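Enquirer: Got model-v2.txt for you, compact mmCIF, C-alpha atoms and all ligand atoms:
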```txt
# COMPACT_ATOMS: atom_id res chain seq x y z
CA MET A 92 -18.53 -38.86 -7.61
CA GLU A 93 -15.32 -36.92 -7.49
CA THR A 94 -15.79 -33.28 -6.44
CA VAL A 95 -13.66 -30.65 -8.16
CA LYS A 96 -11.93 -28.34 -5.72
CA LYS A 97 -12.87 -24.79 -6.60
CA LYS A 98 -10.18 -22.15 -6.74
CA ASP A 99 -10.10 -19.18 -4.38
CA ILE A 100 -11.04 -16.29 -6.65
CA ARG A 101 -8.94 -13.89 -4.59
CA ALA A 102 -5.77 -15.72 -5.62
CA LEU A 103 -6.30 -14.17 -9.08
CA THR A 104 -4.72 -10.85 -10.03
CA LYS A 105 -6.86 -8.20 -11.66
CA GLU A 106 -5.35 -9.10 -15.04
CA GLN A 107 -6.15 -12.78 -14.54
CA LEU A 108 -9.73 -11.90 -13.62
CA ARG A 109 -10.09 -9.76 -16.73
CA ASP A 110 -8.70 -12.62 -18.86
CA PHE A 111 -11.09 -15.07 -17.21
CA PHE A 112 -14.15 -13.03 -18.14
CA VAL A 113 -12.92 -12.57 -21.71
CA SER A 114 -12.43 -16.35 -21.97
CA GLU A 115 -16.05 -16.74 -20.81
CA GLY A 116 -17.21 -14.48 -23.65
CA ASP A 117 -17.81 -11.50 -21.34
CA LYS A 118 -16.09 -8.10 -21.25
CA ALA A 119 -12.72 -7.57 -19.57
CA PHE A 120 -14.34 -4.75 -17.61
CA ARG A 121 -16.36 -7.35 -15.69
CA GLY A 122 -13.05 -8.38 -14.12
CA ASN A 123 -12.58 -4.83 -12.81
CA GLN A 124 -16.04 -4.82 -11.27
CA VAL A 125 -15.52 -8.16 -9.56
CA TYR A 126 -12.07 -7.13 -8.38
CA GLU A 127 -13.59 -4.05 -6.73
CA TRP A 128 -16.17 -6.22 -4.97
CA LEU A 129 -13.54 -8.62 -3.74
CA TRP A 130 -11.06 -6.08 -2.39
CA GLN A 131 -12.45 -2.58 -1.96
CA LYS A 132 -15.87 -3.77 -0.83
CA SER A 133 -14.69 -7.02 0.80
CA ALA A 134 -17.67 -9.01 -0.50
CA HIS A 135 -18.08 -12.34 1.28
CA SER A 136 -20.28 -13.90 -1.39
CA PHE A 137 -20.92 -13.69 -5.12
CA GLU A 138 -24.55 -12.97 -4.32
CA ALA A 139 -23.54 -9.67 -2.71
CA MET A 140 -22.20 -8.40 -6.07
CA THR A 141 -25.42 -6.66 -6.96
CA ASN A 142 -24.31 -4.87 -10.14
CA ILE A 143 -23.30 -8.21 -11.73
CA SER A 144 -25.97 -10.23 -13.53
CA LYS A 145 -27.43 -13.29 -11.85
CA GLU A 146 -26.10 -15.59 -14.60
CA THR A 147 -22.56 -14.27 -14.15
CA ARG A 148 -22.78 -14.63 -10.38
CA GLN A 149 -23.93 -18.24 -10.81
CA MET A 150 -21.10 -18.90 -13.26
CA MET A 151 -18.57 -17.57 -10.72
CA GLU A 152 -20.17 -19.63 -7.99
CA ALA A 153 -19.69 -22.74 -10.13
CA ASN A 154 -16.01 -21.99 -10.67
CA PHE A 155 -14.71 -20.30 -7.54
CA VAL A 156 -15.00 -19.85 -3.80
CA ILE A 157 -14.33 -16.77 -1.67
CA ASN A 158 -12.33 -18.01 1.30
CA HIS A 159 -13.16 -15.35 3.82
CA ILE A 160 -11.89 -15.46 7.39
CA LYS A 161 -14.39 -15.72 10.24
CA VAL A 162 -14.04 -14.17 13.67
CA ASP A 163 -14.62 -17.12 16.01
CA GLN A 164 -14.31 -15.15 19.18
CA MET A 165 -13.83 -11.48 20.01
CA GLN A 166 -12.56 -10.49 23.46
CA ARG A 167 -12.45 -6.92 24.79
CA SER A 168 -9.94 -5.90 27.41
CA SER A 169 -10.68 -3.44 30.20
CA ASP A 170 -8.32 -0.98 28.44
CA GLY A 171 -10.31 -1.16 25.17
CA THR A 172 -7.97 -3.57 23.36
CA ILE A 173 -9.81 -6.13 21.22
CA LYS A 174 -8.46 -9.59 20.42
CA ASN A 175 -9.94 -11.59 17.55
CA ALA A 176 -9.54 -15.33 17.21
CA VAL A 177 -9.79 -15.74 13.47
CA ARG A 178 -10.76 -19.03 11.81
CA LEU A 179 -9.27 -19.71 8.38
CA HIS A 180 -10.89 -21.72 5.59
CA ASP A 181 -9.02 -24.88 6.68
CA ASP A 182 -10.13 -24.44 10.31
CA LEU A 183 -6.76 -23.27 11.60
CA VAL A 184 -6.92 -20.27 13.93
CA VAL A 185 -4.74 -17.14 14.26
CA GLU A 186 -5.15 -14.05 16.36
CA SER A 187 -5.16 -10.35 15.60
CA VAL A 188 -5.46 -7.41 17.94
CA LEU A 189 -6.90 -3.89 17.81
CA ILE A 190 -5.01 -1.47 20.05
CA PRO A 191 -6.72 1.88 20.66
CA THR A 192 -5.06 5.00 22.05
CA LYS A 193 -6.50 8.52 22.33
CA THR A 194 -5.48 9.42 18.82
CA ARG A 195 -4.96 6.23 16.85
CA THR A 196 -6.16 2.71 16.32
CA THR A 197 -3.51 0.15 15.49
CA ALA A 198 -4.07 -3.33 14.08
CA CYS A 199 -1.56 -5.97 15.09
CA VAL A 200 -1.87 -8.75 12.52
CA SER A 201 -0.53 -12.29 12.15
CA SER A 202 1.46 -13.50 9.16
CA GLN A 203 1.82 -17.23 9.91
CA VAL A 204 -0.14 -19.91 11.74
CA GLY A 205 2.29 -20.54 14.59
CA CYS A 206 5.85 -19.41 13.93
CA SER A 207 8.95 -20.73 12.15
CA LEU A 208 11.18 -19.33 14.89
CA ASP A 209 11.59 -20.27 18.52
CA CYS A 210 12.03 -17.24 20.75
CA LYS A 211 12.07 -18.54 24.30
CA PHE A 212 9.92 -15.77 25.77
CA CYS A 213 7.14 -16.01 23.19
CA ALA A 214 3.87 -17.91 23.55
CA THR A 215 3.44 -18.22 19.77
CA ALA A 216 6.73 -20.11 19.52
CA ARG A 217 5.10 -22.98 21.39
CA LEU A 218 2.72 -23.51 18.51
CA LYS A 219 4.27 -25.42 15.68
CA ARG A 220 4.38 -23.45 12.41
CA MET A 221 1.51 -24.92 10.44
CA ARG A 222 1.56 -22.74 7.36
CA ASN A 223 1.97 -19.26 5.97
CA LEU A 224 -1.06 -17.02 5.70
CA ASN A 225 -2.26 -16.10 2.20
CA PRO A 226 -2.34 -12.42 1.22
CA ASP A 227 -6.15 -12.36 1.48
CA GLU A 228 -6.04 -13.83 5.01
CA ILE A 229 -3.70 -11.04 6.10
CA TYR A 230 -5.80 -8.43 4.30
CA ASP A 231 -9.01 -9.71 5.89
CA GLN A 232 -7.60 -9.32 9.41
CA VAL A 233 -7.02 -5.65 8.63
CA VAL A 234 -10.54 -5.21 7.21
CA VAL A 235 -12.09 -6.84 10.29
CA ILE A 236 -10.15 -4.50 12.59
CA ASP A 237 -10.96 -1.45 10.47
CA ASN A 238 -14.66 -2.32 10.83
CA GLU A 239 -14.29 -2.82 14.58
CA SER A 240 -12.49 0.51 14.87
CA ARG A 241 -15.33 2.29 13.09
CA LEU A 242 -17.94 0.47 15.17
CA TYR A 243 -16.41 0.82 18.65
CA PHE A 244 -14.23 3.93 18.33
CA ASP A 245 -15.99 5.86 15.59
CA ARG A 246 -12.87 6.26 13.47
CA PRO A 247 -11.05 4.24 10.82
CA LEU A 248 -7.99 2.17 11.51
CA SER A 249 -4.89 4.40 11.44
CA ASN A 250 -1.87 2.07 11.72
CA ILE A 251 -0.87 -1.54 11.13
CA VAL A 252 1.94 -3.51 12.72
CA PHE A 253 3.00 -6.99 11.61
CA MET A 254 3.70 -8.11 15.13
CA GLY A 255 1.11 -10.82 15.66
CA MET A 256 1.78 -14.52 15.21
CA GLY A 257 4.64 -15.46 12.93
CA GLU A 258 7.79 -13.99 11.44
CA PRO A 259 6.61 -11.79 8.53
CA LEU A 260 9.90 -12.04 6.64
CA MET A 261 9.54 -15.83 6.55
CA ASN A 262 6.33 -15.23 4.58
CA TYR A 263 7.70 -12.29 2.66
CA ASN A 264 5.90 -12.62 -0.69
CA ASN A 265 2.45 -12.95 0.83
CA VAL A 266 3.06 -10.14 3.33
CA LEU A 267 4.16 -7.90 0.48
CA LYS A 268 1.13 -8.82 -1.64
CA ALA A 269 -1.16 -8.06 1.32
CA ILE A 270 0.53 -4.68 1.87
CA GLU A 271 0.13 -3.90 -1.84
CA LYS A 272 -3.63 -4.47 -1.49
CA ILE A 273 -3.85 -2.56 1.80
CA THR A 274 -2.11 0.48 0.31
CA SER A 275 -3.71 0.36 -3.16
CA PRO A 276 -6.60 2.75 -3.90
CA GLU A 277 -8.36 -0.40 -5.14
CA GLY A 278 -7.98 -1.88 -1.65
CA LEU A 279 -7.94 0.12 1.57
CA GLY A 280 -5.84 3.03 0.28
CA MET A 281 -3.74 3.29 3.45
CA SER A 282 -0.37 5.04 3.41
CA PRO A 283 2.60 2.64 3.64
CA LYS A 284 4.09 5.04 6.20
CA ARG A 285 1.42 3.82 8.60
CA ILE A 286 2.53 0.21 8.28
CA THR A 287 5.39 -1.33 10.28
CA VAL A 288 6.81 -4.74 9.56
CA SER A 289 8.41 -6.11 12.69
CA THR A 290 11.03 -8.81 12.26
CA SER A 291 13.24 -10.72 14.61
CA GLY A 292 15.96 -10.07 12.05
CA VAL A 293 16.39 -12.10 8.86
CA PRO A 294 19.36 -10.35 7.20
CA LYS A 295 18.86 -11.73 3.70
CA MET A 296 15.26 -10.53 3.63
CA ILE A 297 16.11 -7.11 5.08
CA ARG A 298 18.53 -6.62 2.18
CA LYS A 299 15.87 -7.77 -0.27
CA MET A 300 13.36 -5.27 1.16
CA ALA A 301 15.94 -2.51 0.83
CA ASP A 302 16.60 -3.48 -2.81
CA GLU A 303 12.88 -3.42 -3.53
CA GLU A 304 12.65 0.05 -1.96
CA VAL A 305 9.60 -0.77 0.09
CA LYS A 306 7.90 2.25 1.64
CA PHE A 307 6.70 0.79 4.95
CA LYS A 308 8.62 1.06 8.20
CA LEU A 309 10.92 -1.52 9.70
CA ALA A 310 11.12 -2.61 13.33
CA VAL A 311 13.53 -5.21 14.68
CA SER A 312 12.91 -7.28 17.83
CA LEU A 313 16.41 -7.04 19.19
CA HIS A 314 16.25 -7.77 22.94
CA SER A 315 20.03 -8.05 23.23
CA ALA A 316 23.02 -6.69 21.34
CA ILE A 317 25.33 -9.37 22.75
CA ASP A 318 25.45 -12.54 20.63
CA ASP A 319 25.59 -15.12 23.45
CA ILE A 320 22.67 -13.59 25.29
CA ARG A 321 20.59 -13.07 22.17
CA THR A 322 21.22 -16.66 21.07
CA SER A 323 20.11 -17.94 24.47
CA ILE A 324 16.72 -16.22 24.14
CA MET A 325 16.39 -16.21 20.33
CA PRO A 326 18.19 -19.38 19.19
CA PHE A 327 18.10 -18.54 15.47
CA ASN A 328 20.62 -15.78 16.32
CA ALA A 329 23.25 -18.52 16.12
CA THR A 330 22.59 -18.55 12.36
CA PHE A 331 21.62 -14.91 11.76
CA THR A 332 24.26 -13.29 13.96
CA LEU A 333 24.21 -9.71 15.19
CA ALA A 334 27.08 -8.76 12.87
CA ASP A 335 25.11 -10.00 9.87
CA LEU A 336 21.94 -8.33 11.13
CA ARG A 337 23.73 -5.04 11.65
CA GLU A 338 25.26 -5.15 8.20
CA SER A 339 21.84 -5.77 6.63
CA LEU A 340 20.36 -2.88 8.62
CA GLN A 341 23.16 -0.60 7.53
CA TYR A 342 22.33 -1.62 3.94
CA TRP A 343 18.63 -0.92 4.61
CA TYR A 344 19.38 2.53 5.99
CA ASN A 345 21.74 3.47 3.16
CA LYS A 346 19.07 2.58 0.61
CA THR A 347 15.93 3.84 2.33
CA LYS A 348 17.13 6.55 4.74
CA SER A 349 14.34 5.26 6.95
CA ARG A 350 14.94 5.25 10.71
CA ILE A 351 15.08 1.81 12.34
CA THR A 352 13.02 0.99 15.41
CA TYR A 353 14.25 -1.63 17.85
CA GLU A 354 11.81 -3.49 20.06
CA TYR A 355 13.49 -4.40 23.28
CA VAL A 356 12.32 -6.09 26.48
CA VAL A 357 14.49 -5.88 29.59
CA TRP A 358 14.37 -9.06 31.69
CA GLU A 359 15.69 -9.52 35.19
CA GLY A 360 18.99 -11.40 35.23
CA ILE A 361 19.15 -11.64 31.42
CA ASN A 362 19.85 -8.23 29.91
CA ASP A 363 19.50 -5.74 32.78
CA GLN A 364 23.16 -4.80 33.34
CA GLN A 365 25.20 -1.78 32.22
CA LYS A 366 27.13 -3.95 29.72
CA ASP A 367 23.81 -4.77 28.04
CA VAL A 368 22.91 -1.10 27.71
CA ASP A 369 26.36 -0.22 26.39
CA ALA A 370 26.17 -2.97 23.77
CA LEU A 371 22.78 -1.66 22.63
CA VAL A 372 24.10 1.89 22.31
CA ASP A 373 27.00 0.59 20.28
CA PHE A 374 24.73 -1.49 18.05
CA CYS A 375 22.44 1.47 17.31
CA LYS A 376 25.18 3.92 16.38
CA PHE A 377 25.40 3.34 12.63
CA ALA A 378 22.00 4.87 11.74
CA PRO A 379 19.23 7.00 13.26
CA SER A 380 17.40 4.68 15.61
CA LYS A 381 14.58 4.56 18.05
CA VAL A 382 14.35 2.04 20.88
CA ASN A 383 10.97 0.93 22.21
CA LEU A 384 11.44 -0.55 25.65
CA ILE A 385 8.44 -2.85 25.97
CA GLU A 386 6.94 -4.03 29.18
CA TYR A 387 7.10 -7.82 29.40
CA ASN A 388 3.98 -9.90 29.59
CA PRO A 389 4.71 -13.10 31.44
CA ILE A 390 3.66 -16.32 29.80
CA ASP A 391 2.84 -19.23 32.11
CA ASP A 392 6.19 -20.64 33.18
CA GLY A 393 7.68 -17.59 34.93
CA GLU A 394 11.15 -18.20 33.45
CA PHE A 395 11.27 -14.60 32.21
CA ARG A 396 10.59 -11.75 34.60
CA GLN A 397 10.27 -8.03 33.87
CA ALA A 398 13.37 -6.14 35.06
CA SER A 399 13.23 -3.55 37.85
CA ASN A 400 12.33 0.08 37.22
CA SER A 401 15.90 1.11 38.00
CA ALA A 402 17.21 -1.18 35.24
CA ILE A 403 14.71 0.37 32.79
CA ASP A 404 15.75 3.87 33.95
CA ARG A 405 19.39 3.00 33.30
CA TYR A 406 18.48 2.07 29.70
CA VAL A 407 16.48 5.27 29.22
CA HIS A 408 19.18 7.58 30.58
CA THR A 409 22.07 5.95 28.74
CA LEU A 410 20.23 5.85 25.42
CA GLU A 411 19.11 9.47 25.74
CA ARG A 412 22.60 10.60 26.71
CA ASN A 413 23.81 9.01 23.47
CA GLY A 414 21.21 10.79 21.36
CA ILE A 415 19.04 7.72 20.74
CA THR A 416 15.28 8.23 20.90
CA VAL A 417 13.72 5.95 23.49
CA THR A 418 10.15 5.27 24.55
CA VAL A 419 8.87 3.02 27.30
CA ARG A 420 5.80 1.23 26.03
CA ARG A 421 3.32 -0.20 28.41
CA SER A 422 1.69 -3.28 27.09
CA ARG A 423 -2.02 -3.38 26.30
CA GLY A 424 -4.62 -6.10 26.56
CA LYS A 425 -2.78 -8.17 29.16
CA ASP A 426 -5.98 -9.40 30.78
CA ILE A 427 -7.01 -11.14 27.54
CA ASP A 428 -3.52 -12.41 26.55
CA ALA A 429 -3.42 -9.98 23.66
CA ALA A 430 -0.12 -8.33 24.44
CA CYS A 431 3.17 -8.80 22.59
CA GLY A 432 4.45 -12.35 22.81
CA GLN A 433 1.22 -13.64 24.33
CA LEU A 434 -0.68 -14.71 21.22
CA ALA A 435 -1.13 -18.46 21.46
CA ASN A 436 -4.73 -19.32 20.56
CA LYS A 437 -5.71 -19.62 24.22
CA GLN A 438 -9.38 -18.88 24.60
S1 LIG A 501 8.63 -13.43 18.99
FE1 LIG A 501 7.87 -13.35 16.89
S2 LIG A 501 9.50 -14.41 15.71
FE2 LIG A 501 9.85 -14.96 17.86
S3 LIG A 501 8.72 -16.91 18.08
FE3 LIG A 501 7.32 -15.23 18.69
S4 LIG A 501 6.12 -14.79 16.85
FE4 LIG A 501 7.96 -15.95 16.21
```
As a first step, turn the structure in this file into structure tokens.
Expert:
Amino acid sequence: METVKKKDIRALTKEQLRDFFVSEGDKAFRGNQVYEWLWQKSAHSFEAMTNISKETRQMMEANFVINHIKVDQMQRSSDGTIKNAVRLHDDLVVESVLIPTKTRTTACVSSQVGCSLDCKFCATARLKRMRNLNPDEIYDQVVVIDNESRLYFDRPLSNIVFMGMGEPLMNYNNVLKAIEKITSPEGLGMSPKRITVSTSGVPKMIRKMADEEVKFKLAVSLHSAIDDIRTSIMPFNATFTLADLRESLQYWYNKTKSRITYEYVVWEGINDQQKDVDALVDFCKFAPSKVNLIEYNPIDDGEFRQASNSAIDRYVHTLERNGITVTVRRSRGKDIDAACGQLANKQ
């Protein structure tokens, strides 16, 4: 007998849910109630929807599924960082990370299974891109981390960064839908100012975000402001050149007036010279910028090595002298491969 594949109920908008209940001879309001269970209360089953009649729950069960993510494995680092290996409904696995500091808890979430891009220093790039995550799969990672934050740190999640597996702007529509739910009072009600989308720089999409006047923050993984060097470590730079990237960022700033953050790792023998620093200063000049110098987390092959402290100091002094805000960010969760560029489904 042929089995009918049931639809994921969370793919429906609130309007579509309301229409569905009307078409079943029920009230449109039932759609609102179910929507609240699905998003605000993150119900994993129809049975959990206790203010809905048994008949209606059975009817939903016959028509839909709720494809909730499952945490396969949770690892805790000695510095408090938590890494979740998250199993999706089709058995693929992505990772998300909770990063605690004294005052905040940040969720680092994935947007794709694997990645469409091929940064040479990144463990995720070695996984083939299998598919984009759905909005609900992104949303669920945030809910899981919010719960962990309340459980282990006695406070709700405060910030979200799209810096896990995948290039978020290559899955733009679903990332945006997830952010809509995260920021909506009918979802988690978080402020968009607490959300940062980190991209390796897809100019067309940066312009689109600017046109849509999104309210979240933008970070760019830059790593070099010299085309040849950037292309050697981030090969897609041959297509999306620095000039194009810079133009799109200028467009973004003109529209949003929102400061741009650059993520930047300094590697020995790659981008640790004065000319590299000068190029970065020059690149940043067109708009208020902040540079996060990130400590590098080696992946197995040792091809990339963290630069010396004196090279980092040179960056800090030159950037500061030129009025550019700079922070040196130590990486967290290294002992469980949860740090930037290390997410690769290794358990
Ligand atoms: S650094 Fe980001 S964009 Fe580059 S391959 Fe890794 S996950 Fe993809």
Enquirer: If we count all atoms listed in the file and set the cut-off at 10 Å, which residues sit around Phe377 (chain A), ignoring sequence neighbours fewer than 3 positions away in its own chain? Please answer as a short mmCIF file (atom, residue, chain, number, x, y, z; two decimals) with C-alpha atoms, keeping the file's coordinate frame.
Expert:
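Dumped to part28.cif:
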```
data_model
loop_
_atom_site.label_atom_id
_atom_site.label_comp_id
_atom_site.auth_asym_id
_atom_site.auth_seq_id
_atom_site.Cartn_x
_atom_site.Cartn_y
_atom_site.Cartn_z
CA ARG A 337 23.73 -5.04 11.65
CA GLU A 338 25.26 -5.15 8.20
CA LEU A 340 20.36 -2.88 8.62
CA GLN A 341 23.16 -0.60 7.53
CA TYR A 344 19.38 2.53 5.99
CA VAL A 372 24.10 1.89 22.31
CA ASP A 373 27.00 0.59 20.28
CA PHE A 374 24.73 -1.49 18.05
CA SER A 380 17.40 4.68 15.61
#
```
Enquirer: Within 12 Å of (28.4, -0.2, 33.6) (coordinates as in the file), grab all the protein and nucleic acid residues, counting all atoms listed in the file, and write them out as a list in words.
Expert: Asp363, Gln364, Gln365, Lys366, Asp367, Val368, Asp369, Ala370, Ala402, Arg405, Tyr406 and Thr409 of chain A
Enquirer: Can you tell me which residues come within 6 Å of ligand LIG 501 (chain A) when counting only C-alpha atoms and all ligand atoms, ideally as a short mmCIF file (atom, residue, chain, number, x, y, z; two decimals) with C-alpha atoms, keeping the file's coordinate frame?
Expert:
```cif
data_model
loop_
_atom_site.label_atom_id
_atom_site.label_comp_id
_atom_site.auth_asym_id
_atom_site.auth_seq_id
_atom_site.Cartn_x
_atom_site.Cartn_y
_atom_site.Cartn_z
CA CYS A 206 5.85 -19.41 13.93
CA LEU A 208 11.18 -19.33 14.89
CA ASP A 209 11.59 -20.27 18.52
CA CYS A 210 12.03 -17.24 20.75
CA CYS A 213 7.14 -16.01 23.19
CA THR A 215 3.44 -18.22 19.77
CA ALA A 216 6.73 -20.11 19.52
CA MET A 256 1.78 -14.52 15.21
CA GLY A 257 4.64 -15.46 12.93
CA GLU A 258 7.79 -13.99 11.44
CA SER A 291 13.24 -10.72 14.61
CA GLY A 432 4.45 -12.35 22.81
#
```
Enquirer: Which is closest to Leu279 (chain A) among A:Val233, A:Leu218, A:Ile403, A:Met300, if we use all atoms listed in the file?
Expert: A:Val233
Enquirer: Step by step, gather every atom of region 253-271 of chain A that the file lists, find the box along x, y and z that holds them, add 8 Å on each side, and finally give centre and edge lengths in Å to one decimal, as lines of an AutoDock Vina configuration file.
Expert:
```
center_x = 4.4
center_y = -9.9
center_z = 6.9
size_x = 27.1
size_y = 27.9
size_z = 33.5
```
Enquirer: Write out as a PDB file with C-alpha atoms, in the coordinates of the input each polymer residue whose atoms come within 8 Å of Gln232 (chain A), counting all atoms listed in the file; drop sequence neighbours fewer than 5 positions from it.
Expert:
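Generated output (selection.pdb):
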```pdb
ATOM      1  CA  ILE A 160     -11.890 -15.460   7.390  1.00  0.00           C
ATOM      2  CA  VAL A 177      -9.790 -15.740  13.470  1.00  0.00           C
ATOM      3  CA  SER A 187      -5.160 -10.350  15.600  1.00  0.00           C
ATOM      4  CA  VAL A 200      -1.870  -8.750  12.520  1.00  0.00           C
TER       5      VAL A 200
END
```
Enquirer: Can you list, as a list in words, every protein, DNA or RNA residue that comes within 7 Å of Arg222 (chain A) when you count all atoms listed in the file, leaving out same-chain residues fewer than 2 positions away?
Expert: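 Listed by chain and then number, they are Gln203, Val204, Arg220 and Leu224 of chain A.
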Enquirer: So which one's closest to Ala102 (chain A), A:Cys199, A:Leu189, A:Ala119, A:Ala269? Using only C-alpha atoms, please.
Expert: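 Of the candidates, the smallest distance to Ala102 (chain A) is held by A:Ala269.
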